[in-house]
$ cat final34.cif   # mmCIF, C-alpha atoms
data_protein
loop_
_atom_site.label_atom_id
_atom_site.label_comp_id
_atom_site.auth_asym_id
_atom_site.auth_seq_id
_atom_site.Cartn_x
_atom_site.Cartn_y
_atom_site.Cartn_z
CA MET A 1 -104.93 27.97 76.67
CA SER A 2 -107.49 29.61 74.38
CA PHE A 3 -109.16 28.46 71.21
CA PRO A 4 -108.76 30.52 68.02
CA ARG A 5 -111.74 32.76 67.37
CA SER A 6 -114.25 31.33 64.88
CA SER A 7 -117.72 32.40 63.79
CA VAL A 8 -120.52 30.34 65.29
CA SER A 9 -122.30 28.93 62.23
CA SER A 10 -122.43 25.84 60.07
CA SER A 11 -119.20 27.05 58.46
CA LEU A 12 -117.50 25.99 61.70
CA LEU A 13 -118.05 22.35 60.73
CA ASP A 14 -116.58 22.97 57.26
CA ALA A 15 -113.54 24.65 58.82
CA HIS A 16 -112.95 21.52 60.91
CA GLY A 17 -113.01 19.21 57.88
CA TRP A 18 -116.68 18.34 57.42
CA ASP A 19 -117.44 17.00 53.94
CA SER A 20 -120.07 15.04 52.01
CA GLY A 21 -118.53 11.73 53.09
CA TRP A 22 -118.86 12.56 56.78
CA ALA A 23 -122.38 13.84 56.15
CA ALA A 24 -123.36 10.50 54.58
CA ASP A 25 -121.86 8.56 57.49
CA PHE A 26 -123.70 10.80 59.94
CA ALA A 27 -127.16 10.39 58.36
CA PRO A 28 -128.36 7.62 60.75
CA HIS A 29 -127.41 9.76 63.75
CA ALA A 30 -129.12 12.83 62.28
CA ALA A 31 -132.30 10.76 62.03
CA ARG A 32 -132.08 10.29 65.82
CA GLY A 33 -131.92 14.05 66.35
CA LEU A 34 -128.21 14.15 67.20
CA VAL A 35 -125.86 16.85 65.92
CA PRO A 36 -122.38 16.41 64.39
CA GLY A 37 -119.17 17.84 65.78
CA ARG A 38 -115.44 17.29 65.78
CA VAL A 39 -113.61 16.49 69.00
CA VAL A 40 -111.01 19.21 69.61
CA ARG A 41 -109.88 18.16 73.09
CA VAL A 42 -110.39 15.24 75.50
CA ASP A 43 -109.87 15.59 79.23
CA ARG A 44 -110.82 13.12 82.00
CA GLY A 45 -113.93 11.60 80.50
CA GLN A 46 -115.18 14.79 78.90
CA CYS A 47 -114.38 16.52 75.64
CA ASP A 48 -114.73 19.80 73.79
CA VAL A 49 -116.59 19.37 70.50
CA ALA A 50 -116.77 21.88 67.63
CA THR A 51 -120.40 21.92 66.41
CA ALA A 52 -122.33 24.30 64.17
CA GLU A 53 -123.34 26.27 67.28
CA GLY A 54 -119.76 26.55 68.57
CA ILE A 55 -117.54 24.67 71.03
CA VAL A 56 -119.61 22.59 73.45
CA ARG A 57 -118.62 20.43 76.41
CA ALA A 58 -119.78 16.81 76.32
CA ASP A 59 -119.42 13.69 78.45
CA THR A 60 -118.01 10.52 76.85
CA ALA A 61 -119.54 8.01 79.29
CA PHE A 62 -121.73 6.40 76.61
CA VAL A 63 -118.78 5.66 74.29
CA THR A 64 -116.07 4.39 76.64
CA PRO A 65 -115.25 0.85 75.37
CA HIS A 66 -112.84 -1.61 76.96
CA ASP A 67 -110.53 -1.32 73.94
CA PRO A 68 -108.30 1.74 74.53
CA LEU A 69 -107.94 2.16 70.76
CA ARG A 70 -111.70 2.85 70.48
CA VAL A 71 -112.00 5.61 73.10
CA VAL A 72 -113.04 9.10 72.03
CA CYS A 73 -109.96 10.87 70.69
CA THR A 74 -109.01 14.30 69.40
CA GLY A 75 -109.87 14.38 65.71
CA ASP A 76 -112.90 12.07 65.97
CA TRP A 77 -116.22 13.09 64.43
CA ALA A 78 -118.90 12.65 67.07
CA ALA A 79 -122.69 12.51 67.34
CA VAL A 80 -123.68 14.62 70.35
CA ASP A 81 -126.91 15.58 72.08
CA PRO A 82 -128.64 18.64 70.62
CA GLU A 83 -128.78 21.94 72.45
CA GLY A 84 -131.14 21.86 75.40
CA ALA A 85 -130.81 18.09 75.93
CA GLY A 86 -129.46 18.64 79.42
CA ASP A 87 -126.26 19.35 81.28
CA PRO A 88 -123.94 17.71 80.66
CA ARG A 89 -124.53 16.85 77.03
CA TYR A 90 -123.26 13.46 75.87
CA VAL A 91 -121.32 12.03 72.96
CA ARG A 92 -123.60 9.21 71.82
CA ALA A 93 -121.38 7.75 69.06
CA CYS A 94 -118.30 8.38 66.95
CA LEU A 95 -118.12 7.98 63.17
CA PRO A 96 -115.78 5.28 61.77
CA ARG A 97 -112.25 6.66 61.50
CA ARG A 98 -110.59 7.12 58.13
CA THR A 99 -107.13 7.00 59.69
CA ALA A 100 -105.78 6.61 63.23
CA PHE A 101 -102.36 7.28 64.73
CA ALA A 102 -101.62 4.72 67.45
CA ARG A 103 -98.65 3.49 69.47
CA SER A 104 -98.10 0.84 72.13
CA THR A 105 -98.47 1.96 75.73
CA SER A 106 -95.53 2.14 78.11
CA SER A 107 -97.24 -0.40 80.37
CA LYS A 108 -96.57 -4.15 80.20
CA ARG A 109 -100.18 -4.82 79.20
CA SER A 110 -101.09 -5.68 75.60
CA GLU A 111 -102.63 -2.31 74.86
CA GLY A 112 -102.36 0.33 72.20
CA GLN A 113 -102.92 4.06 72.66
CA ILE A 114 -104.73 6.20 70.12
CA LEU A 115 -103.04 9.61 69.71
CA ALA A 116 -105.05 11.27 66.95
CA ALA A 117 -107.88 10.33 64.57
CA ASN A 118 -108.71 11.16 60.96
CA VAL A 119 -105.27 12.57 60.18
CA ASP A 120 -104.03 13.38 56.66
CA HIS A 121 -100.54 14.69 57.48
CA ALA A 122 -98.13 13.67 60.25
CA VAL A 123 -95.45 16.29 60.93
CA ILE A 124 -92.57 14.69 62.83
CA THR A 125 -90.76 17.52 64.59
CA VAL A 126 -87.05 16.96 65.28
CA SER A 127 -84.96 19.58 67.09
CA LEU A 128 -81.59 20.56 65.64
CA ALA A 129 -80.57 21.79 69.10
CA VAL A 130 -79.46 18.22 69.90
CA GLU A 131 -77.78 15.42 67.98
CA LEU A 132 -80.02 13.67 65.46
CA ASP A 133 -81.45 10.33 66.56
CA LEU A 134 -82.08 8.57 63.24
CA GLY A 135 -83.49 5.46 64.91
CA ARG A 136 -86.18 7.51 66.66
CA ILE A 137 -87.06 9.23 63.38
CA GLU A 138 -87.48 5.80 61.76
CA ARG A 139 -89.86 4.80 64.57
CA PHE A 140 -92.02 7.89 64.12
CA LEU A 141 -92.07 7.35 60.37
CA ALA A 142 -93.18 3.72 60.75
CA LEU A 143 -96.11 4.78 62.95
CA ALA A 144 -97.00 7.63 60.59
CA TRP A 145 -97.05 5.43 57.49
CA GLU A 146 -99.05 2.76 59.34
CA SER A 147 -101.65 5.34 60.37
CA GLY A 148 -102.47 6.15 56.77
CA ALA A 149 -101.17 9.71 57.00
CA GLN A 150 -98.51 11.29 54.78
CA PRO A 151 -95.44 12.05 56.94
CA THR A 152 -93.23 15.12 56.77
CA VAL A 153 -90.07 15.55 58.85
CA VAL A 154 -89.51 19.08 60.14
CA LEU A 155 -86.02 19.89 61.40
CA SER A 156 -86.95 22.62 63.88
CA LYS A 157 -84.68 25.32 65.33
CA ALA A 158 -82.75 25.47 62.04
CA ASP A 159 -81.49 28.93 63.04
CA LEU A 160 -79.16 27.14 65.49
CA VAL A 161 -77.25 25.75 62.47
CA PRO A 162 -76.12 28.94 60.68
CA ASP A 163 -73.78 27.12 58.28
CA PRO A 164 -75.81 26.29 55.12
CA VAL A 165 -73.44 23.44 54.20
CA GLY A 166 -73.72 21.87 57.65
CA LEU A 167 -77.50 22.21 57.53
CA SER A 168 -77.64 20.53 54.11
CA TYR A 169 -75.66 17.57 55.48
CA LEU A 170 -78.16 17.16 58.33
CA VAL A 171 -81.04 17.23 55.85
CA GLU A 172 -79.30 14.57 53.74
CA ASP A 173 -78.77 12.36 56.81
CA VAL A 174 -82.51 12.41 57.53
CA GLU A 175 -83.44 11.92 53.87
CA THR A 176 -81.49 8.64 53.87
CA VAL A 177 -83.84 7.21 56.54
CA ALA A 178 -87.00 8.81 55.15
CA PRO A 179 -87.57 7.59 51.57
CA GLY A 180 -90.50 9.32 49.90
CA VAL A 181 -90.79 11.89 52.71
CA GLN A 182 -90.31 15.65 52.57
CA VAL A 183 -87.56 16.80 54.97
CA LEU A 184 -87.90 20.49 55.78
CA PRO A 185 -85.51 22.63 57.86
CA LEU A 186 -87.59 25.22 59.69
CA SER A 187 -87.18 28.01 62.19
CA SER A 188 -90.16 29.46 64.03
CA THR A 189 -87.85 32.30 65.09
CA THR A 190 -86.82 33.48 61.62
CA GLY A 191 -89.78 32.06 59.72
CA GLU A 192 -87.55 29.93 57.46
CA GLY A 193 -89.55 27.07 55.94
CA LEU A 194 -92.82 28.09 57.63
CA ASP A 195 -94.57 29.09 54.40
CA VAL A 196 -93.59 25.78 52.77
CA LEU A 197 -95.00 23.78 55.68
CA ALA A 198 -98.19 25.86 55.81
CA ALA A 199 -98.80 25.13 52.13
CA THR A 200 -98.06 21.43 52.67
CA VAL A 201 -100.61 20.97 55.47
CA ALA A 202 -103.36 23.28 54.14
CA GLY A 203 -106.72 21.67 53.47
CA GLY A 204 -106.41 18.58 55.66
CA THR A 205 -105.86 17.44 59.23
CA THR A 206 -102.28 17.56 60.50
CA VAL A 207 -100.87 16.07 63.71
CA LEU A 208 -97.65 17.40 65.25
CA LEU A 209 -95.46 14.65 66.73
CA GLY A 210 -92.12 14.62 68.51
CA VAL A 211 -90.38 14.41 71.85
CA SER A 212 -90.75 17.10 74.48
CA GLY A 213 -88.62 20.12 73.66
CA ALA A 214 -88.70 19.56 69.89
CA GLY A 215 -90.50 22.88 69.37
CA LYS A 216 -93.99 21.58 68.58
CA SER A 217 -95.87 24.18 70.64
CA THR A 218 -93.86 27.04 69.12
CA LEU A 219 -94.54 25.60 65.68
CA ALA A 220 -98.25 25.26 66.47
CA ASN A 221 -98.43 28.93 67.46
CA ALA A 222 -96.66 29.94 64.24
CA LEU A 223 -98.99 27.88 62.03
CA VAL A 224 -102.19 28.95 63.80
CA GLY A 225 -101.10 32.59 63.93
CA GLU A 226 -101.98 32.95 67.62
CA ASP A 227 -100.38 32.02 70.94
CA VAL A 228 -102.69 29.04 71.45
CA MET A 229 -100.08 26.93 73.22
CA ASP A 230 -97.82 27.77 76.18
CA VAL A 231 -94.11 27.61 75.38
CA ARG A 232 -91.29 26.84 77.79
CA ALA A 233 -87.57 26.83 77.19
CA ALA A 234 -85.83 23.48 76.67
CA ARG A 235 -82.90 22.48 78.88
CA ASP A 236 -79.53 23.40 77.41
CA VAL A 237 -77.94 20.11 78.48
CA ASP A 238 -80.13 17.81 76.41
CA GLY A 239 -82.67 19.99 74.62
CA LYS A 240 -85.59 18.36 76.45
CA GLY A 241 -88.65 20.33 77.43
CA ARG A 242 -91.06 19.92 80.33
CA HIS A 243 -94.15 18.61 78.55
CA THR A 244 -95.72 22.01 77.93
CA THR A 245 -98.58 20.28 76.12
CA THR A 246 -100.46 17.85 78.37
CA THR A 247 -103.50 17.15 76.17
CA ARG A 248 -104.11 16.79 72.43
CA ASN A 249 -105.64 19.95 71.05
CA LEU A 250 -107.16 20.65 67.64
CA PHE A 251 -107.02 24.12 66.06
CA VAL A 252 -108.29 25.63 62.81
CA LEU A 253 -105.49 26.90 60.54
CA PRO A 254 -105.90 30.32 58.86
CA GLY A 255 -104.84 28.89 55.49
CA GLY A 256 -107.32 26.03 55.66
CA GLY A 257 -107.19 22.69 57.43
CA VAL A 258 -106.80 21.87 61.10
CA LEU A 259 -103.85 21.09 63.37
CA ILE A 260 -103.61 18.63 66.28
CA ASP A 261 -100.80 19.31 68.75
CA THR A 262 -99.76 16.40 70.97
CA PRO A 263 -97.77 16.09 74.20
CA GLY A 264 -94.10 15.20 73.87
CA LEU A 265 -93.67 11.44 73.59
CA ARG A 266 -91.11 9.83 75.89
CA GLY A 267 -91.51 6.45 74.21
CA VAL A 268 -92.35 5.65 70.60
CA GLY A 269 -93.48 2.04 70.77
CA LEU A 270 -94.76 0.34 67.64
CA TRP A 271 -98.31 -0.99 67.49
CA ASP A 272 -98.97 -3.53 64.73
CA ALA A 273 -96.94 -1.44 62.28
CA GLU A 274 -95.49 -4.07 59.93
CA ALA A 275 -96.57 -2.22 56.78
CA GLY A 276 -95.24 1.06 58.19
CA VAL A 277 -91.85 -0.49 58.95
CA GLY A 278 -91.73 -1.90 55.42
CA GLN A 279 -92.44 1.56 54.00
CA VAL A 280 -89.66 3.18 56.04
CA PHE A 281 -87.16 0.51 54.99
CA SER A 282 -88.42 0.13 51.44
CA GLU A 283 -84.91 -0.28 50.01
CA ILE A 284 -84.29 -3.32 52.24
CA GLU A 285 -87.64 -4.87 51.34
CA GLU A 286 -86.85 -4.31 47.65
CA LEU A 287 -83.44 -5.95 48.03
CA ALA A 288 -85.02 -8.88 49.89
CA GLY A 289 -87.07 -9.63 46.78
CA ASP A 290 -83.83 -10.57 45.01
CA CYS A 291 -82.63 -12.99 47.71
CA ARG A 292 -82.29 -16.64 46.67
CA PHE A 293 -84.60 -17.81 49.45
CA HIS A 294 -87.99 -16.20 50.02
CA ASP A 295 -87.62 -16.60 53.82
CA CYS A 296 -84.06 -15.28 53.91
CA ALA A 297 -83.10 -13.85 57.31
CA HIS A 298 -80.32 -11.75 55.73
CA GLU A 299 -77.66 -13.23 57.97
CA SER A 300 -75.51 -16.02 56.50
CA GLU A 301 -77.74 -17.47 53.78
CA PRO A 302 -76.18 -17.93 50.31
CA GLY A 303 -77.47 -15.63 47.60
CA CYS A 304 -78.64 -12.94 50.04
CA ALA A 305 -79.06 -9.64 48.18
CA VAL A 306 -79.26 -7.67 51.44
CA ALA A 307 -75.93 -9.09 52.65
CA ALA A 308 -74.41 -8.27 49.25
CA ALA A 309 -75.56 -4.66 49.62
CA ILE A 310 -73.93 -4.50 53.05
CA GLU A 311 -70.76 -5.97 51.53
CA ASP A 312 -70.51 -3.40 48.73
CA GLY A 313 -71.42 -0.50 51.02
CA SER A 314 -74.66 0.49 49.30
CA LEU A 315 -76.67 -0.40 52.43
CA PRO A 316 -75.43 0.94 55.80
CA VAL A 317 -75.11 -1.63 58.59
CA ARG A 318 -76.94 0.72 60.98
CA ARG A 319 -79.92 0.77 58.64
CA LEU A 320 -80.21 -3.04 58.58
CA GLU A 321 -79.80 -3.29 62.35
CA SER A 322 -82.55 -0.72 62.87
CA TYR A 323 -84.83 -2.61 60.47
CA ARG A 324 -84.27 -5.88 62.33
CA LYS A 325 -84.88 -4.21 65.68
CA LEU A 326 -88.21 -2.71 64.64
CA ILE A 327 -89.37 -5.92 62.96
CA ARG A 328 -88.59 -7.92 66.13
CA GLU A 329 -90.29 -5.36 68.34
CA ASN A 330 -93.38 -5.26 66.17
CA ARG A 331 -93.64 -9.07 66.11
CA ARG A 332 -93.46 -9.16 69.92
CA ILE A 333 -96.28 -6.62 70.15
CA VAL A 334 -98.46 -8.51 67.67
CA ALA A 335 -97.69 -11.86 69.34
CA LYS A 336 -99.27 -10.63 72.58
CA THR A 337 -102.69 -10.74 70.93
CA ASP A 338 -102.16 -13.10 67.96
CA ALA A 339 -101.77 -16.82 68.74
CA ARG A 340 -100.61 -17.61 65.19
CA VAL A 341 -97.73 -15.15 65.42
CA ARG A 342 -96.77 -16.53 68.84
CA SER A 343 -96.66 -20.02 67.34
CA GLU A 344 -94.49 -18.85 64.44
CA MET A 345 -92.08 -17.10 66.81
CA LEU A 346 -91.83 -20.22 68.97
CA LYS A 347 -90.99 -22.33 65.91
CA GLU A 348 -88.34 -19.79 64.89
CA TRP A 349 -86.74 -19.85 68.36
CA LYS A 350 -86.66 -23.66 68.30
CA ARG A 351 -85.08 -23.65 64.82
CA MET A 352 -82.40 -21.23 65.96
CA GLY A 353 -81.80 -23.38 69.03
CA ARG A 354 -81.31 -26.50 66.89
CA GLU A 355 -78.91 -24.68 64.59
CA GLY A 356 -76.93 -23.42 67.57
CA GLN A 357 -76.75 -26.95 68.99
CA LYS A 358 -75.50 -28.33 65.67
CA ALA A 359 -72.85 -25.62 65.52
CA MET A 360 -71.63 -26.54 69.01
CA GLU A 361 -71.49 -30.25 68.06
CA LEU A 362 -69.44 -29.43 64.97
CA LYS A 363 -67.06 -27.36 67.05
CA ARG A 364 -66.60 -30.08 69.68
CA GLY A 365 -66.20 -32.79 67.04
CA GLY A 366 -63.52 -30.93 65.13
CA GLY A 367 -65.84 -30.26 62.20
CA ARG A 368 -67.12 -33.84 61.82
CA VAL A 369 -70.89 -34.28 61.71
CA ARG A 370 -72.09 -37.36 63.59
#
$ encode --input "final34.cif" --output "structure tokens"
Amino acid sequence: MSFPRSSVSSSLLDAHGWDSGWAADFAPHAARGLVPGRVVRVDRGQCDVATAEGIVRADTAFVTPHDPLRVVCTGDWAAVDPEGAGDPRYVRACLPRRTAFARSTSSKRSEGQILAANVDHAVITVSLAVELDLGRIERFLALAWESGAQPTVVLSKADLVPDPVGLSYLVEDVETVAPGVQVLPLSSTTGEGLDVLAATVAGGTTVLLGVSGAGKSTLANALVGEDVMDVRAARDVDGKGRHTTTTRNLFVLPGGGVLIDTPGLRGVGLWDAEAGVGQVFSEIEELAGDCRFHDCAHESEPGCAVAAAIEDGSLPVRRLESYRKLIRENRRIVAKTDARVRSEMLKEWKRMGREGQKAMELKRGGGRVR
């Protein structure tokens, strides 16, 4: 892997997103003689940082907290030792993040994992070489909205769907689960859609997200204009790749802005993403406002606007089931670290248990309540 060529000057900071706001935040560190830089890659306790003098290697030992969400991450703005301070140089602090893209870890511990920091655009890359997984797209969207970034869904490998009508149907299917989100069919092979995406992400920080084999590395090369990422063919049987990208890498885009490529994600676990889920399922949340009861569970309650929408066909059953699934999952994640939420969930389980017991008594008593 190689980094795109850049001139070694203060303009390097500007190219990586440096602005007056970051300069103001950095002032206390400048007073200590430290220099600013943006983390472009993290690897085993060390990181590559883009500073005014170029890309430097720095150790992160001084900013390795117990909270995995606070570790140094690609996209962070860091305060590093000045030139000549020794070998290795150290990251002494990171500036407060404006946004952060996080997910839950695959382990059973109550931990989140930070994937990218200070992101403006989240490009969710979905391969058209395999059948669309709308539920997975909804998960990615929930995390993207929660991060504070503006999501875009890219349907990659669009050249594999030569029928324009068939392609338009696929776009419509994704648009139904992505309210307020641009859905863009794109082919890195033919160039279709590439100029539109380049214009969309220019001037900010963009993170590429998706499962392995979705075409992220090929897309990164196309946007950067250089072969900065290795590309391997996906398996024909399921379209999955072999995790070509193993670290998160940040590159400067020729049209302005920067791009963070990430490894393919096997799991897309939520991490305290209630607001993000609500944004993805905004039509359900809007309907819920018209329910008779403010705590309506949208199951068998009278006057349920969500149930009425299911009844008249305006709300797909799959959509409601996906919403419920993500809400439950998110509550479980939050409950691991929030005693109040655990208490509320316990009360809900007890209430459901009592209702189930009453239903059994009615059934055994032939409908007579004792």
$ atom_distance --input "final34.cif" --atom1 "atom CA of A:Cys47" --atom2 "atom CA of A:Thr60"
7.1 Å
$ residues_around --input "final34.cif" --residues "stretch 184-201 of chain A" --least-positions-apart "4" --cutoff "7 Å" --atoms "all atoms listed in the file" --output "number ranges by chain"
A: 121, 153-159, 206, 218-219, 222-223
$ write_last_selection --input "final34.cif" --atoms "C-alpha atoms" --output "tab-separated table (two decimals), in the coordinates of the input"
chain	number	residue	atom	x	y	z
A	121	HIS	CA	-100.54	14.69	57.48
A	153	VAL	CA	-90.07	15.55	58.85
A	154	VAL	CA	-89.51	19.08	60.14
A	155	LEU	CA	-86.02	19.89	61.40
A	156	SER	CA	-86.95	22.62	63.88
A	157	LYS	CA	-84.68	25.32	65.33
A	158	ALA	CA	-82.75	25.47	62.04
A	159	ASP	CA	-81.49	28.93	63.04
A	206	THR	CA	-102.28	17.56	60.50
A	218	THR	CA	-93.86	27.04	69.12
A	219	LEU	CA	-94.54	25.60	65.68
A	222	ALA	CA	-96.66	29.94	64.24
A	223	LEU	CA	-98.99	27.88	62.03
$ atom_distance --input "final34.cif" --atom1 "atom CA of A:Arg97" --atom2 "atom CA of A:Ile124"
21.3 Å
$ closest_residue --input "final34.cif" --among "A:His298, A:Arg328, A:Val171, A:Val42" --to "A:Leu128" --atoms "only C-alpha atoms"
A:Val171
$ closest_residue --input "final34.cif" --among "A:Leu95, A:Val49, A:Leu115, A:Ala178" --to "A:Gly278" --atoms "all atoms listed in the file"
A:Ala178
$ closest_residue --input "final34.cif" --among "A:Pro36, A:Gly45, A:Gly21, A:Gly213" --to "A:Arg98" --atoms "only C-alpha atoms"
A:Gly21
$ residues_around --input "final34.cif" --residues "A:Asp87" --least-positions-apart "2" --cutoff "10 Å" --atoms "only C-alpha atoms" --output "list in words"
Arg57, Ala58, Asp59, Asp81, Glu83, Gly84, Ala85, Arg89 and Tyr90 of chain A
$ residues_around --input "final34.cif" --residues "A:Val35" --least-positions-apart "4" --cutoff "10 Å" --atoms "only C-alpha atoms" --output "list in words"
Phe26, His29, Ala30, Ala31, Thr51, Ala52, Glu53, Ala78, Ala79, Val80, Asp81, Pro82, Glu83, Val91 and Arg92 of chain A
$ resolve_selection --input "final34.cif" --expression "the PyMOL selection byres ((chain A and resi 8-18) around 9)" --output "PyMOL selection string"
chain A and resi 6-7+19-23+36-38+50-55+77+203-205+250-253+256-258
